[in-house]
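Data block for model28.pdb (PDB, C-alpha atoms and all ligand atoms):
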ATOM      1  CA  MET A   1     -22.439 -23.252  17.766
ATOM      2  CA  VAL A   2     -19.407 -24.156  15.739
ATOM      3  CA  SER A   3     -18.478 -20.552  14.966
ATOM      4  CA  ALA A   4     -17.345 -20.108  18.572
ATOM      5  CA  HIS A   5     -14.667 -22.784  18.077
ATOM      6  CA  PRO A   6     -12.138 -21.277  15.745
ATOM      7  CA  GLU A   7      -9.587 -24.095  15.410
ATOM      8  CA  PRO A   8      -9.618 -27.691  16.575
ATOM      9  CA  PRO A   9      -6.984 -28.102  19.294
ATOM     10  CA  SER A  10      -3.870 -29.920  18.229
ATOM     11  CA  GLN A  11      -3.712 -32.050  21.382
ATOM     12  CA  PRO A  12      -5.774 -35.144  22.129
ATOM     13  CA  GLN A  13      -9.034 -34.539  23.902
ATOM     14  CA  ALA A  14     -12.185 -36.263  25.053
ATOM     15  CA  GLU A  15     -15.760 -35.149  24.516
ATOM     16  CA  ALA A  16     -16.832 -32.295  26.723
ATOM     17  CA  THR A  17     -19.931 -33.023  28.762
ATOM     18  CA  GLY A  18     -22.736 -30.697  29.792
ATOM     19  CA  ALA A  19     -23.913 -29.478  33.178
ATOM     20  CA  GLY A  20     -24.448 -32.213  35.736
ATOM     21  CA  ALA A  21     -23.127 -34.982  33.514
ATOM     22  CA  ALA A  22     -21.604 -38.054  35.115
ATOM     23  CA  PRO A  23     -17.822 -38.464  35.148
ATOM     24  CA  SER A  24     -16.547 -40.219  32.048
ATOM     25  CA  GLN A  25     -13.800 -42.369  33.602
ATOM     26  CA  PRO A  26     -14.130 -46.141  33.536
ATOM     27  CA  GLN A  27     -15.437 -47.925  36.619
ATOM     28  CA  GLY A  28     -12.770 -48.627  39.203
ATOM     29  CA  SER A  29     -10.500 -45.888  37.872
ATOM     30  CA  GLN A  30      -8.532 -43.963  40.486
ATOM     31  CA  ARG A  31      -8.706 -40.754  38.434
ATOM     32  CA  THR A  32     -10.183 -37.978  40.544
ATOM     33  CA  HIS A  33     -11.622 -34.677  39.451
ATOM     34  CA  THR A  34      -9.647 -31.470  39.643
ATOM     35  CA  GLU A  35     -12.124 -28.821  40.765
ATOM     36  CA  VAL A  36     -11.738 -25.507  38.941
ATOM     37  CA  ALA A  37     -13.424 -22.123  39.454
ATOM     38  CA  VAL A  38     -13.868 -20.140  36.243
ATOM     39  CA  GLY A  39     -15.044 -16.549  35.810
ATOM     40  CA  ILE A  40     -17.061 -15.230  32.903
ATOM     41  CA  LEU A  41     -16.407 -11.520  33.259
ATOM     42  CA  LEU A  42     -19.136  -9.633  31.443
ATOM     43  CA  ARG A  43     -18.810  -5.972  30.551
ATOM     44  CA  GLY A  44     -21.809  -3.654  30.249
ATOM     45  CA  ASP A  45     -21.659  -3.814  26.434
ATOM     46  CA  GLY A  46     -21.898  -7.628  26.544
ATOM     47  CA  ALA A  47     -18.196  -8.283  25.883
ATOM     48  CA  LEU A  48     -16.621 -11.200  27.743
ATOM     49  CA  LEU A  49     -13.031 -11.518  28.888
ATOM     50  CA  LEU A  50     -10.658 -14.171  27.602
ATOM     51  CA  ALA A  51      -6.957 -14.518  28.375
ATOM     52  CA  THR A  52      -4.119 -16.686  27.105
ATOM     53  CA  ARG A  53      -2.777 -19.526  29.217
ATOM     54  CA  PRO A  54       0.677 -18.693  30.547
ATOM     55  CA  PRO A  55       3.813 -20.475  29.316
ATOM     56  CA  GLY A  56       4.667 -23.665  31.193
ATOM     57  CA  LYS A  57       1.055 -24.788  31.711
ATOM     58  CA  PRO A  58      -0.675 -27.490  29.642
ATOM     59  CA  TYR A  59      -2.226 -25.883  26.542
ATOM     60  CA  ALA A  60      -0.022 -22.784  26.953
ATOM     61  CA  GLY A  61      -1.111 -20.023  24.607
ATOM     62  CA  TYR A  62      -4.699 -21.287  24.288
ATOM     63  CA  TRP A  63      -7.414 -18.765  25.133
ATOM     64  CA  GLU A  64      -9.446 -19.405  28.278
ATOM     65  CA  PHE A  65     -11.698 -17.739  30.787
ATOM     66  CA  PRO A  66      -9.738 -16.602  33.845
ATOM     67  CA  GLY A  67      -9.784 -18.922  36.848
ATOM     68  CA  GLY A  68      -7.919 -21.783  38.445
ATOM     69  CA  LYS A  69      -7.956 -24.728  40.782
ATOM     70  CA  ILE A  70     -10.034 -24.647  43.950
ATOM     71  CA  GLU A  71      -7.864 -25.200  47.010
ATOM     72  CA  ALA A  72      -8.856 -27.308  50.031
ATOM     73  CA  GLY A  73     -11.426 -25.563  52.198
ATOM     74  CA  GLU A  74     -12.336 -22.907  49.611
ATOM     75  CA  THR A  75     -15.757 -22.265  48.155
ATOM     76  CA  VAL A  76     -15.976 -21.692  44.409
ATOM     77  CA  GLU A  77     -16.483 -17.971  44.999
ATOM     78  CA  GLN A  78     -13.482 -17.725  47.327
ATOM     79  CA  ALA A  79     -11.274 -19.584  44.875
ATOM     80  CA  LEU A  80     -12.397 -17.412  41.990
ATOM     81  CA  ARG A  81     -11.794 -14.205  43.960
ATOM     82  CA  ARG A  82      -8.300 -15.394  44.905
ATOM     83  CA  GLU A  83      -7.406 -16.582  41.396
ATOM     84  CA  LEU A  84      -8.601 -13.437  39.649
ATOM     85  CA  HIS A  85      -6.716 -11.280  42.107
ATOM     86  CA  GLU A  86      -3.548 -13.358  41.636
ATOM     87  CA  GLU A  87      -3.817 -13.525  37.848
ATOM     88  CA  LEU A  88      -5.477 -10.263  36.844
ATOM     89  CA  GLY A  89      -5.044  -7.961  39.840
ATOM     90  CA  ILE A  90      -8.779  -7.300  40.200
ATOM     91  CA  THR A  91     -11.191  -7.884  43.088
ATOM     92  CA  ILE A  92     -14.470  -9.363  41.959
ATOM     93  CA  GLY A  93     -17.931  -8.659  43.360
ATOM     94  CA  PRO A  94     -20.508 -11.407  43.956
ATOM     95  CA  ALA A  95     -20.102 -14.633  41.977
ATOM     96  CA  SER A  96     -22.334 -17.682  42.103
ATOM     97  CA  VAL A  97     -22.135 -20.854  40.088
ATOM     98  CA  TRP A  98     -24.055 -20.683  36.811
ATOM     99  CA  ARG A  99     -23.099 -23.984  35.162
ATOM    100  CA  VAL A 100     -20.900 -26.996  35.943
ATOM    101  CA  THR A 101     -19.160 -28.930  33.176
ATOM    102  CA  GLU A 102     -16.504 -31.611  32.950
ATOM    103  CA  HIS A 103     -13.699 -32.219  30.524
ATOM    104  CA  ASP A 104     -11.323 -35.162  30.334
ATOM    105  CA  TYR A 105      -7.871 -33.930  29.280
ATOM    106  CA  PRO A 106      -4.768 -36.099  29.043
ATOM    107  CA  HIS A 107      -3.286 -34.054  31.911
ATOM    108  CA  ALA A 108      -6.377 -33.972  34.162
ATOM    109  CA  LEU A 109     -10.057 -34.753  34.527
ATOM    110  CA  VAL A 110     -11.489 -31.349  35.379
ATOM    111  CA  ARG A 111     -14.800 -30.229  36.815
ATOM    112  CA  LEU A 112     -15.372 -26.600  35.887
ATOM    113  CA  HIS A 113     -17.574 -24.385  38.049
ATOM    114  CA  TRP A 114     -18.577 -21.438  35.860
ATOM    115  CA  CYS A 115     -19.580 -18.125  37.431
ATOM    116  CA  LYS A 116     -20.796 -14.997  35.686
ATOM    117  CA  VAL A 117     -19.131 -11.914  37.132
ATOM    118  CA  ARG A 118     -20.549  -8.487  36.399
ATOM    119  CA  SER A 119     -18.715  -6.305  38.905
ATOM    120  CA  TRP A 120     -15.103  -5.925  39.915
ATOM    121  CA  SER A 121     -12.703  -3.260  41.107
ATOM    122  CA  GLY A 122      -9.077  -2.497  40.361
ATOM    123  CA  ASP A 123      -7.079  -2.184  37.155
ATOM    124  CA  PHE A 124      -6.294  -5.196  35.015
ATOM    125  CA  ASP A 125      -2.683  -6.289  35.478
ATOM    126  CA  MET A 126      -1.668  -9.468  33.659
ATOM    127  CA  ARG A 127       0.481 -10.860  36.454
ATOM    128  CA  GLU A 128       1.358 -14.145  34.739
ATOM    129  CA  GLY A 129       2.366 -12.663  31.381
ATOM    130  CA  GLN A 130      -1.009 -13.434  29.775
ATOM    131  CA  THR A 131      -2.654 -11.475  27.009
ATOM    132  CA  MET A 132      -6.277 -10.441  27.590
ATOM    133  CA  ALA A 133      -8.989  -9.673  25.082
ATOM    134  CA  TRP A 134     -12.587  -8.500  25.458
ATOM    135  CA  GLN A 135     -14.604 -10.491  22.974
ATOM    136  CA  HIS A 136     -17.998 -10.378  21.287
ATOM    137  CA  PHE A 137     -19.447 -13.201  19.201
ATOM    138  CA  PRO A 138     -18.148 -14.393  16.833
ATOM    139  CA  LEU A 139     -14.871 -14.685  18.731
ATOM    140  CA  GLN A 140     -11.831 -13.133  17.120
ATOM    141  CA  VAL A 141      -9.264 -15.210  19.048
ATOM    142  CA  SER A 142      -8.200 -18.833  18.723
ATOM    143  CA  PRO A 143      -7.569 -21.531  19.688
ATOM    144  CA  VAL A 144      -9.765 -21.720  22.797
ATOM    145  CA  LEU A 145      -9.399 -24.456  25.457
ATOM    146  CA  PRO A 146     -11.734 -27.314  24.535
ATOM    147  CA  GLY A 147     -13.155 -27.398  28.053
ATOM    148  CA  ALA A 148     -14.668 -23.973  27.381
ATOM    149  CA  TYR A 149     -16.588 -24.990  24.233
ATOM    150  CA  PRO A 150     -19.930 -25.891  25.894
ATOM    151  CA  VAL A 151     -20.027 -22.636  27.823
ATOM    152  CA  LEU A 152     -19.182 -20.611  24.732
ATOM    153  CA  ASP A 153     -22.108 -22.294  22.975
ATOM    154  CA  TRP A 154     -24.503 -21.414  25.812
ATOM    155  CA  LEU A 155     -23.242 -17.838  25.954
ATOM    156  CA  GLU A 156     -23.581 -17.448  22.204
ATOM    157  CA  GLN A 157     -27.140 -18.787  22.347
ATOM    158  CA  GLU A 158     -27.981 -16.264  25.073
ATOM    159  CA  TRP A 159     -26.414 -13.478  23.046
ATOM    160  CA  ARG A 160     -28.423 -14.470  19.948
ATOM    161  CA  GLN A 161     -31.662 -14.616  21.959
ATOM    162  CA  GLY A 162     -30.952 -11.196  23.472
ATOM    163  CA  ARG A 163     -30.270  -9.742  20.049
ATOM    164  CA  ALA A 164     -33.480 -11.236  18.605
ATOM    165  CA  GLN A 165     -35.551  -9.885  21.520
ATOM    166  CA  SER A 166     -34.124  -6.372  21.265
ATOM    167  CA  SER A 167     -34.754  -6.288  17.507
ATOM    168  CA  GLN A 168     -38.452  -7.110  18.161
ATOM    169  CA  LYS A 169     -38.939  -4.177  20.547
ATOM    170  CA  PRO A 170     -40.890  -1.282  19.018
TER     171      PRO A 170
HETATM  172  N1  LIG B   1      -9.042 -21.125  33.899
HETATM  173  C1  LIG B   1      -9.612 -21.955  33.037
HETATM  174  N2  LIG B   1      -9.369 -23.285  33.068
HETATM  175  C2  LIG B   1      -9.988 -24.036  32.159
HETATM  176  C3  LIG B   1     -10.893 -23.502  31.211
HETATM  177  N3  LIG B   1     -11.369 -24.512  30.427
HETATM  178  C4  LIG B   1     -10.755 -25.638  30.845
HETATM  179  O1  LIG B   1     -10.901 -26.757  30.381
HETATM  180  N4  LIG B   1      -9.916 -25.359  31.914
HETATM  181  C5  LIG B   1      -9.078 -26.352  32.571
HETATM  182  C6  LIG B   1      -7.638 -26.272  32.137
HETATM  183  C7  LIG B   1      -6.887 -26.766  33.350
HETATM  184  O2  LIG B   1      -6.787 -28.188  33.263
HETATM  185  C8  LIG B   1      -7.800 -26.384  34.518
HETATM  186  C9  LIG B   1      -7.335 -25.126  35.203
HETATM  187  O3  LIG B   1      -6.138 -25.385  35.833
HETATM  188  P1  LIG B   1      -4.923 -24.352  35.878
HETATM  189  O4  LIG B   1      -3.655 -25.141  35.821
HETATM  190  O5  LIG B   1      -5.093 -23.275  34.884
HETATM  191  O6  LIG B   1      -5.151 -23.760  37.312
HETATM  192  P2  LIG B   1      -4.210 -22.885  38.232
HETATM  193  O7  LIG B   1      -4.183 -21.480  37.704
HETATM  194  O8  LIG B   1      -4.723 -23.068  39.638
HETATM  195  O9  LIG B   1      -2.785 -23.521  37.986
HETATM  196  P3  LIG B   1      -1.558 -23.787  38.941
HETATM  197  O10 LIG B   1      -1.636 -22.775  40.043
HETATM  198  O11 LIG B   1      -1.732 -25.201  39.395
HETATM  199  O12 LIG B   1      -0.401 -23.607  38.002
HETATM  200  O13 LIG B   1      -9.091 -26.180  33.971
HETATM  201  C10 LIG B   1     -11.126 -22.114  31.180
HETATM  202  O14 LIG B   1     -11.873 -21.567  30.352
HETATM  203  N5  LIG B   1     -10.471 -21.381  32.129
END

As structure tokens, the full file:
Amino acid sequence: MVSAHPEPPSQPQAEATGAGAAPSQPQGSQRTHTEVAVGILLRGDGALLLATRPPGKPYAGYWEFPGGKIEAGETVEQALRRELHEELGITIGPASVWRVTEHDYPHALVRLHWCKVRSWSGDFDMREGQTMAWQHFPLQVSPVLPGAYPVLDWLEQEWRQGRAQSSQKP
């Protein structure tokens, strides 16, 4: 849903693709995927956590879900637990992959492994100078990384369905 995408990013981008889509690079290209673990932290009231990308990284200042690159030998869950501890100072509970998407940026072709996270311990400590914000739909922050658009659409659809179902209950 377009309302989740506040501003078009000012940098060049390719179309985001949905779960399980084939890589978009031309045949014979040497471009390999960068595997990324991403956490959708969900609070009891349905709010989700977004944070700004730290200075010095591509798309610095854009809002994103917390996460980072999967290192050699790590599972998605291990990478996510490490990244969220390094970046936010929290220790997450169980996390399994919910969706997989791809996005072709000028700086990297990324494969994003999205996990919903409903439990964690520790206090939030923005260790890379980020700003964090708990968000409900419609989002109040922008711009958001284009690679997160498909997942924001799915999450907004789920939120709308949940709202419609609860309004039908007697
Ligand atoms: N964390 C995160 N990354 C995203 C999202 N959407 C999206 O396209 N990406 C892309 C942007 C980056 O190209 C890649 C994540 O790489 P990164 O550079 O932030 O990872 P990292 O923290 O391991 O970085 P570094 O240690 O190499 O500096 O995934 C998102 O919502 N969250």

Next item on the list: Quick one: apply the PyMOL selection byres (((not hetatm)) within 6 of (chain B and resi 1)) to the file and drop the selected residues here as a VMD selection string.
Entry: chain A and resid 36 38 64 to 69 108 110 145 to 148

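Considering only C-alpha atoms, the residue among A:Val100, A:Leu50, A:Val117, A:Ala60 positioned nearest to A:Glu35 is A:Val100.
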
Check: From the list A:Arg127, A:Arg53, A:Lys116, A:Arg81, which residue is nearest A:Trp98 when using only C-alpha atoms?
Finding: A:Lys116

Notebook entry, point to check: Restricting the calculation to only C-alpha atoms, which member of A:Leu112, A:Leu139, A:Ala133, A:Ile90 is positioned closest to A:Ala37?
Noted result: A:Leu112

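Of the residues under consideration (A:Leu49, A:Leu41, A:Leu109, A:Val141), A:Leu41 shows the shortest atom-to-atom contact distance to A:Ile92 when counting all atoms listed in the file.
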
Margin query: Which residues are close to A:Asp123, i.e. within 12 Å by all atoms listed in the file, leaving aside same-chain residues fewer than 3 positions away? Reply as number ranges by chain.
Written below: A: 84-85, 87-92, 120, 126-127

Restrict the selected residues to C-alpha atoms and save them as a short mmCIF file (atom, residue, chain, number, x, y, z; two decimals), in the frame of the given file.
data_model
loop_
_atom_site.label_atom_id
_atom_site.label_comp_id
_atom_site.auth_asym_id
_atom_site.auth_seq_id
_atom_site.Cartn_x
_atom_site.Cartn_y
_atom_site.Cartn_z
CA LEU A 84 -8.60 -13.44 39.65
CA HIS A 85 -6.72 -11.28 42.11
CA GLU A 87 -3.82 -13.52 37.85
CA LEU A 88 -5.48 -10.26 36.84
CA GLY A 89 -5.04 -7.96 39.84
CA ILE A 90 -8.78 -7.30 40.20
CA THR A 91 -11.19 -7.88 43.09
CA ILE A 92 -14.47 -9.36 41.96
CA TRP A 120 -15.10 -5.92 39.92
CA MET A 126 -1.67 -9.47 33.66
CA ARG A 127 0.48 -10.86 36.45
#

Check: What is the distance, in Å and to one decimal place, between atom CA of A:Arg43 and atom CA of A:Ser119?
Finding: 8.4 Å

Next item on the list: Check what the PyMOL selection byres (((chain A and resi 61) around 10) and not hetatm) selects in the file above and give those residues as number ranges by chain.
Entry: A: 51-60, 62-64, 130-131, 142-145

Given the file above and the PyMOL selection byres (((chain A and resi 155-159) around 9) and not hetatm), which residues are selected, and can you give them as a tab-separated table (two decimals) with C-alpha atoms, keeping the file's coordinate frame?
chain	number	residue	atom	x	y	z
A	1	MET	CA	-22.44	-23.25	17.77
A	4	ALA	CA	-17.34	-20.11	18.57
A	46	GLY	CA	-21.90	-7.63	26.54
A	137	PHE	CA	-19.45	-13.20	19.20
A	138	PRO	CA	-18.15	-14.39	16.83
A	150	PRO	CA	-19.93	-25.89	25.89
A	151	VAL	CA	-20.03	-22.64	27.82
A	152	LEU	CA	-19.18	-20.61	24.73
A	153	ASP	CA	-22.11	-22.29	22.98
A	154	TRP	CA	-24.50	-21.41	25.81
A	160	ARG	CA	-28.42	-14.47	19.95
A	161	GLN	CA	-31.66	-14.62	21.96
A	162	GLY	CA	-30.95	-11.20	23.47
A	163	ARG	CA	-30.27	-9.74	20.05
A	164	ALA	CA	-33.48	-11.24	18.60

Can you complete the atoms of stretch 53-67 of chain A to N, CA, C and O atoms and list them as a CSV table (one decimal), in the coordinates of the input?
chain,number,residue,atom,x,y,z
A,53,ARG,N,-3.4,-18.7,28.1
A,53,ARG,CA,-2.8,-19.5,29.2
A,53,ARG,C,-1.3,-19.3,29.2
A,53,ARG,O,-0.6,-19.3,28.2
A,54,PRO,N,-0.7,-19.0,30.4
A,54,PRO,CA,0.7,-18.7,30.5
A,54,PRO,C,1.6,-19.8,30.1
A,54,PRO,O,1.2,-21.0,30.1
A,55,PRO,N,2.8,-19.5,29.7
A,55,PRO,CA,3.8,-20.5,29.3
A,55,PRO,C,4.1,-21.4,30.5
A,55,PRO,O,4.0,-21.0,31.6
A,56,GLY,N,4.3,-22.7,30.2
A,56,GLY,CA,4.7,-23.7,31.2
A,56,GLY,C,3.5,-24.5,31.7
A,56,GLY,O,3.6,-25.5,32.3
A,57,LYS,N,2.3,-24.0,31.3
A,57,LYS,CA,1.1,-24.8,31.7
A,57,LYS,C,0.6,-25.6,30.5
A,57,LYS,O,0.9,-25.3,29.4
A,58,PRO,N,-0.1,-26.8,30.8
A,58,PRO,CA,-0.7,-27.5,29.6
A,58,PRO,C,-1.5,-26.5,28.8
A,58,PRO,O,-2.2,-25.7,29.3
A,59,TYR,N,-1.5,-26.7,27.5
A,59,TYR,CA,-2.2,-25.9,26.5
A,59,TYR,C,-1.8,-24.4,26.6
A,59,TYR,O,-2.6,-23.5,26.5
A,60,ALA,N,-0.5,-24.2,26.9
A,60,ALA,CA,0.0,-22.8,27.0
A,60,ALA,C,-0.4,-22.1,25.7
A,60,ALA,O,-0.3,-22.6,24.6
A,61,GLY,N,-0.8,-20.8,25.8
A,61,GLY,CA,-1.1,-20.0,24.6
A,61,GLY,C,-2.6,-20.1,24.2
A,61,GLY,O,-3.0,-19.3,23.4
A,62,TYR,N,-3.3,-21.2,24.6
A,62,TYR,CA,-4.7,-21.3,24.3
A,62,TYR,C,-5.5,-20.2,25.0
A,62,TYR,O,-5.1,-19.8,26.1
A,63,TRP,N,-6.6,-19.8,24.5
A,63,TRP,CA,-7.4,-18.8,25.1
A,63,TRP,C,-8.4,-19.5,26.1
A,63,TRP,O,-8.8,-20.6,25.8
A,64,GLU,N,-8.6,-18.8,27.2
A,64,GLU,CA,-9.4,-19.4,28.3
A,64,GLU,C,-10.1,-18.3,29.0
A,64,GLU,O,-9.7,-17.1,28.9
A,65,PHE,N,-11.1,-18.7,29.8
A,65,PHE,CA,-11.7,-17.7,30.8
A,65,PHE,C,-10.8,-17.7,32.0
A,65,PHE,O,-10.2,-18.8,32.4
A,66,PRO,N,-10.6,-16.6,32.7
A,66,PRO,CA,-9.7,-16.6,33.8
A,66,PRO,C,-10.3,-17.5,35.0
A,66,PRO,O,-11.5,-17.6,35.2
A,67,GLY,N,-9.4,-18.1,35.7
A,67,GLY,CA,-9.8,-18.9,36.8
A,67,GLY,C,-8.7,-19.9,37.2
A,67,GLY,O,-7.5,-19.7,36.8
